[in-house]
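Structure file structure00.tsv (TSV, N, CA and C atoms) follows.
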chain	number	residue	atom	x	y	z
A	76	MET	N	89.12	101.46	81.82
A	76	MET	CA	89.74	101.38	83.12
A	76	MET	C	88.79	101.98	84.16
A	77	GLU	N	88.60	101.27	85.24
A	77	GLU	CA	87.76	101.73	86.34
A	77	GLU	C	88.54	102.72	87.21
A	78	LEU	N	87.82	103.56	87.96
A	78	LEU	CA	88.48	104.55	88.80
A	78	LEU	C	89.42	103.91	89.82
A	79	ALA	N	89.01	102.81	90.42
A	79	ALA	CA	89.89	102.13	91.39
A	79	ALA	C	91.18	101.67	90.71
A	80	GLU	N	91.07	101.25	89.47
A	80	GLU	CA	92.26	100.83	88.73
A	80	GLU	C	93.18	102.03	88.44
A	81	VAL	N	92.58	103.18	88.19
A	81	VAL	CA	93.37	104.41	87.98
A	81	VAL	C	94.16	104.72	89.25
A	82	GLN	N	93.48	104.63	90.39
A	82	GLN	CA	94.16	104.91	91.66
A	82	GLN	C	95.27	103.91	91.91
A	83	THR	N	95.03	102.65	91.64
A	83	THR	CA	96.07	101.64	91.83
A	83	THR	C	97.25	101.88	90.91
A	84	LEU	N	96.98	102.19	89.65
A	84	LEU	CA	98.06	102.47	88.70
A	84	LEU	C	98.90	103.65	89.16
A	85	MET	N	98.24	104.73	89.57
A	85	MET	CA	98.99	105.92	90.00
A	85	MET	C	99.80	105.62	91.26
A	86	ASP	N	99.24	104.81	92.15
A	86	ASP	CA	99.98	104.44	93.35
A	86	ASP	C	101.18	103.58	93.00
A	87	ASP	N	100.99	102.64	92.09
A	87	ASP	CA	102.10	101.78	91.67
A	87	ASP	C	103.21	102.59	90.99
A	88	LEU	N	102.82	103.53	90.14
A	88	LEU	CA	103.80	104.30	89.39
A	88	LEU	C	104.47	105.40	90.20
A	89	TYR	N	103.67	106.12	91.00
A	89	TYR	CA	104.15	107.35	91.61
A	89	TYR	C	103.87	107.47	93.10
A	90	GLY	N	103.31	106.45	93.73
A	90	GLY	CA	102.85	106.56	95.11
A	90	GLY	C	103.90	107.04	96.09
A	91	VAL	N	105.09	106.44	96.02
A	91	VAL	CA	106.15	106.83	96.96
A	91	VAL	C	106.53	108.29	96.77
A	92	ALA	N	106.77	108.68	95.52
A	92	ALA	CA	107.17	110.06	95.23
A	92	ALA	C	106.04	111.03	95.59
A	93	ASP	N	104.80	110.63	95.31
A	93	ASP	CA	103.66	111.51	95.62
A	93	ASP	C	103.55	111.75	97.12
A	94	ARG	N	103.71	110.69	97.91
A	94	ARG	CA	103.61	110.87	99.37
A	94	ARG	C	104.77	111.70	99.90
A	95	GLU	N	105.96	111.54	99.32
A	95	GLU	CA	107.10	112.37	99.74
A	95	GLU	C	106.86	113.84	99.38
A	96	ARG	N	106.25	114.08	98.23
A	96	ARG	CA	105.97	115.44	97.77
A	96	ARG	C	104.96	116.10	98.70
A	97	GLY	N	103.94	115.33	99.11
A	97	GLY	CA	102.94	115.83	100.04
A	97	GLY	C	101.71	116.40	99.35
A	98	MET	N	100.67	116.52	100.14
A	98	MET	CA	99.39	116.98	99.60
A	98	MET	C	99.39	118.42	99.10
A	99	PRO	N	100.01	119.37	99.80
A	99	PRO	CA	99.98	120.74	99.27
A	99	PRO	C	100.59	120.83	97.86
A	100	SER	N	101.68	120.16	97.64
A	100	SER	CA	102.29	120.18	96.31
A	100	SER	C	101.44	119.44	95.29
A	101	THR	N	100.81	118.36	95.72
A	101	THR	CA	99.93	117.62	94.81
A	101	THR	C	98.75	118.48	94.39
A	102	VAL	N	98.17	119.21	95.33
A	102	VAL	CA	97.06	120.10	94.99
A	102	VAL	C	97.55	121.19	94.02
A	103	ALA	N	98.73	121.71	94.23
A	103	ALA	CA	99.28	122.72	93.32
A	103	ALA	C	99.44	122.16	91.91
A	104	TRP	N	99.99	120.94	91.80
A	104	TRP	CA	100.14	120.30	90.50
A	104	TRP	C	98.78	120.05	89.85
A	105	LEU	N	97.81	119.60	90.64
A	105	LEU	CA	96.47	119.37	90.12
A	105	LEU	C	95.89	120.66	89.55
A	106	CYS	N	96.04	121.75	90.28
A	106	CYS	CA	95.54	123.05	89.82
A	106	CYS	C	96.23	123.47	88.52
A	107	GLU	N	97.52	123.25	88.44
A	107	GLU	CA	98.25	123.58	87.21
A	107	GLU	C	97.71	122.77	86.03
A	108	GLU	N	97.46	121.50	86.27
A	108	GLU	CA	96.93	120.65	85.19
A	108	GLU	C	95.52	121.06	84.79
A	109	VAL	N	94.70	121.50	85.75
A	109	VAL	CA	93.37	121.99	85.41
A	109	VAL	C	93.48	123.23	84.53
A	110	GLY	N	94.45	124.09	84.83
A	110	GLY	CA	94.68	125.26	83.99
A	110	GLY	C	95.11	124.87	82.58
A	111	GLU	N	95.97	123.87	82.47
A	111	GLU	CA	96.39	123.39	81.16
A	111	GLU	C	95.22	122.77	80.40
A	112	LEU	N	94.33	122.08	81.12
A	112	LEU	CA	93.14	121.53	80.49
A	112	LEU	C	92.25	122.65	79.97
A	113	ALA	N	92.06	123.68	80.77
A	113	ALA	CA	91.24	124.82	80.33
A	113	ALA	C	91.80	125.44	79.06
A	114	GLN	N	93.10	125.58	79.00
A	114	GLN	CA	93.73	126.15	77.80
A	114	GLN	C	93.53	125.21	76.60
A	115	ALA	N	93.68	123.91	76.82
A	115	ALA	CA	93.50	122.95	75.73
A	115	ALA	C	92.05	122.95	75.24
A	116	VAL	N	91.11	123.11	76.15
A	116	VAL	CA	89.70	123.17	75.76
A	116	VAL	C	89.45	124.39	74.88
A	117	ARG	N	90.06	125.51	75.24
A	117	ARG	CA	89.87	126.76	74.49
A	117	ARG	C	90.57	126.74	73.14
A	118	LYS	N	91.82	126.25	73.12
A	118	LYS	CA	92.65	126.44	71.93
A	118	LYS	C	93.31	125.18	71.40
A	119	GLY	N	93.12	124.06	72.07
A	119	GLY	CA	93.87	122.87	71.73
A	119	GLY	C	93.15	121.94	70.77
A	120	THR	N	93.89	120.95	70.36
A	120	THR	CA	93.35	119.90	69.51
A	120	THR	C	92.68	118.84	70.39
A	121	PRO	N	91.88	117.98	69.80
A	121	PRO	CA	91.31	116.89	70.59
A	121	PRO	C	92.40	116.03	71.26
A	122	GLU	N	93.51	115.85	70.60
A	122	GLU	CA	94.61	115.07	71.19
A	122	GLU	C	95.18	115.77	72.42
A	123	GLN	N	95.34	117.09	72.35
A	123	GLN	CA	95.84	117.85	73.50
A	123	GLN	C	94.82	117.82	74.64
A	124	GLN	N	93.56	117.92	74.31
A	124	GLN	CA	92.52	117.88	75.32
A	124	GLN	C	92.50	116.53	76.02
A	125	LEU	N	92.62	115.47	75.26
A	125	LEU	CA	92.66	114.13	75.84
A	125	LEU	C	93.86	113.96	76.75
A	126	HIS	N	95.02	114.46	76.32
A	126	HIS	CA	96.24	114.41	77.13
A	126	HIS	C	96.03	115.11	78.47
A	127	GLU	N	95.46	116.30	78.43
A	127	GLU	CA	95.27	117.07	79.65
A	127	GLU	C	94.20	116.45	80.55
A	128	LEU	N	93.16	115.87	79.96
A	128	LEU	CA	92.18	115.15	80.79
A	128	LEU	C	92.86	114.03	81.56
A	129	GLY	N	93.75	113.31	80.89
A	129	GLY	CA	94.49	112.24	81.56
A	129	GLY	C	95.35	112.76	82.69
A	130	ASP	N	96.02	113.90	82.46
A	130	ASP	CA	96.87	114.48	83.50
A	130	ASP	C	96.05	114.88	84.72
A	131	VAL	N	94.90	115.50	84.49
A	131	VAL	CA	94.04	115.92	85.60
A	131	VAL	C	93.57	114.70	86.39
A	132	LEU	N	93.15	113.67	85.67
A	132	LEU	CA	92.69	112.46	86.35
A	132	LEU	C	93.81	111.80	87.15
A	133	ALA	N	95.02	111.79	86.59
A	133	ALA	CA	96.16	111.19	87.29
A	133	ALA	C	96.46	111.94	88.58
A	134	TRP	N	96.49	113.26	88.53
A	134	TRP	CA	96.78	114.04	89.74
A	134	TRP	C	95.64	113.94	90.74
A	135	LEU	N	94.40	113.88	90.27
A	135	LEU	CA	93.26	113.70	91.18
A	135	LEU	C	93.35	112.35	91.87
A	136	ALA	N	93.72	111.31	91.13
A	136	ALA	CA	93.89	109.98	91.73
A	136	ALA	C	95.01	109.99	92.75
A	137	SER	N	96.09	110.70	92.46
A	137	SER	CA	97.19	110.81	93.41
A	137	SER	C	96.73	111.47	94.71
A	138	LEU	N	95.96	112.54	94.58
A	138	LEU	CA	95.46	113.22	95.76
A	138	LEU	C	94.52	112.31	96.56
A	139	ALA	N	93.63	111.62	95.87
A	139	ALA	CA	92.72	110.69	96.56
A	139	ALA	C	93.52	109.62	97.30
A	140	ASN	N	94.57	109.11	96.68
A	140	ASN	CA	95.41	108.11	97.34
A	140	ASN	C	96.04	108.67	98.60
A	141	GLN	N	96.55	109.89	98.53
A	141	GLN	CA	97.18	110.49	99.71
A	141	GLN	C	96.17	110.76	100.82
A	142	LEU	N	94.93	111.02	100.43
A	142	LEU	CA	93.87	111.23	101.43
A	142	LEU	C	93.29	109.91	101.92
A	143	ASP	N	93.73	108.82	101.31
A	143	ASP	CA	93.22	107.48	101.61
A	143	ASP	C	91.70	107.41	101.38
A	144	LEU	N	91.29	108.01	100.25
A	144	LEU	CA	89.89	108.03	99.86
A	144	LEU	C	89.74	107.40	98.48
A	145	SER	N	88.55	106.94	98.20
A	145	SER	CA	88.24	106.27	96.93
A	145	SER	C	87.51	107.21	95.99
A	146	LEU	N	88.00	107.30	94.75
A	146	LEU	CA	87.27	108.07	93.75
A	146	LEU	C	85.92	107.43	93.44
A	147	ASP	N	85.85	106.10	93.51
A	147	ASP	CA	84.57	105.43	93.33
A	147	ASP	C	83.57	105.87	94.40
A	148	ASP	N	84.02	105.96	95.65
A	148	ASP	CA	83.16	106.43	96.73
A	148	ASP	C	82.77	107.89	96.52
A	149	ALA	N	83.71	108.69	96.02
A	149	ALA	CA	83.42	110.10	95.78
A	149	ALA	C	82.33	110.27	94.72
A	150	MET	N	82.31	109.39	93.74
A	150	MET	CA	81.33	109.48	92.66
A	150	MET	C	80.00	108.83	93.00
A	151	ALA	N	79.96	108.06	94.08
A	151	ALA	CA	78.74	107.32	94.43
A	151	ALA	C	77.55	108.25	94.62
A	152	ARG	N	77.77	109.42	95.14
A	152	ARG	CA	76.64	110.33	95.38
A	152	ARG	C	75.96	110.75	94.08
A	153	TYR	N	76.70	110.74	92.98
A	153	TYR	CA	76.09	111.08	91.69
A	153	TYR	C	75.17	109.98	91.19
A	154	VAL	N	75.38	108.76	91.68
A	154	VAL	CA	74.51	107.64	91.35
A	154	VAL	C	73.31	107.64	92.30
A	155	GLU	N	73.60	107.81	93.59
A	155	GLU	CA	72.58	107.67	94.62
A	155	GLU	C	71.69	108.90	94.77
A	156	ASN	N	72.29	110.08	94.71
A	156	ASN	CA	71.53	111.31	94.94
A	156	ASN	C	72.23	112.47	94.23
A	157	PRO	N	72.07	112.57	92.92
A	157	PRO	CA	72.80	113.62	92.19
A	157	PRO	C	72.46	115.01	92.70
A	158	PRO	N	73.46	115.87	92.76
A	158	PRO	CA	73.20	117.24	93.21
A	158	PRO	C	72.35	118.02	92.20

Could you write out this structure as structure tokens?
Amino acid sequence: MELAEVQTLMDDLYGVADRERGMPSTVAWLCEEVGELAQAVRKGTPEQQLHELGDVLAWLASLANQLDLSLDDAMARYVENPP
């Protein structure tokens, strides 16, 4: 699945609810999921790690959608001029 497809899927599934929730709450949820990913990396199984990676990506896509920005565009700098 391409990043644009991830954003479209998240918008189709949760876009209305995500916009009603708002960006501050979305950022809070994203941070919580990053914490869960960190815990899974330290102590979890590969299945738990994969689950948490998906959650982080889903919340990141939701935030990008609310900002009306493209994750593909965000990653372009890593192709064109990596930091």

Of the candidates A:Val131, A:Ala136, A:Leu144, A:Val81, which shows the shortest atom-to-atom distance to Glu107 (chain A), using only C-alpha atoms?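 Ranking A:Val131, A:Ala136, A:Leu144, A:Val81 by distance to Glu107 (chain A), first place goes to A:Val131.
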
Please, what distance in Å, to one decimal, runs between atom N of Asp86 (chain A) and atom N of Ser137 (chain A)? 6.7 Å

For CA of Ala149 (chain A) and CA of Leu78 (chain A), determine how far apart the two atoms are, in Å to one decimal place. 10.3 Å

Mind giving me the straight-line distance from atom N of Ala151 (chain A) to atom C of Ala113 (chain A) in Å, one decimal?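 Distance between the two atoms: 25.8 Å.
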
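When only C-alpha atoms are used to measure the gap to Leu84 (chain A), the shortest distance among A:Gln114, A:Leu105, A:Glu122, A:Asn140 belongs to A:Asn140.
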
Counting only C-alpha atoms, which residues sit no farther than 12 Å from the position (99.0, 120.5, 81.6) in the file's frame? I'd like them as a VMD selection string. chain A and resid 103 to 116 119 123 to 134
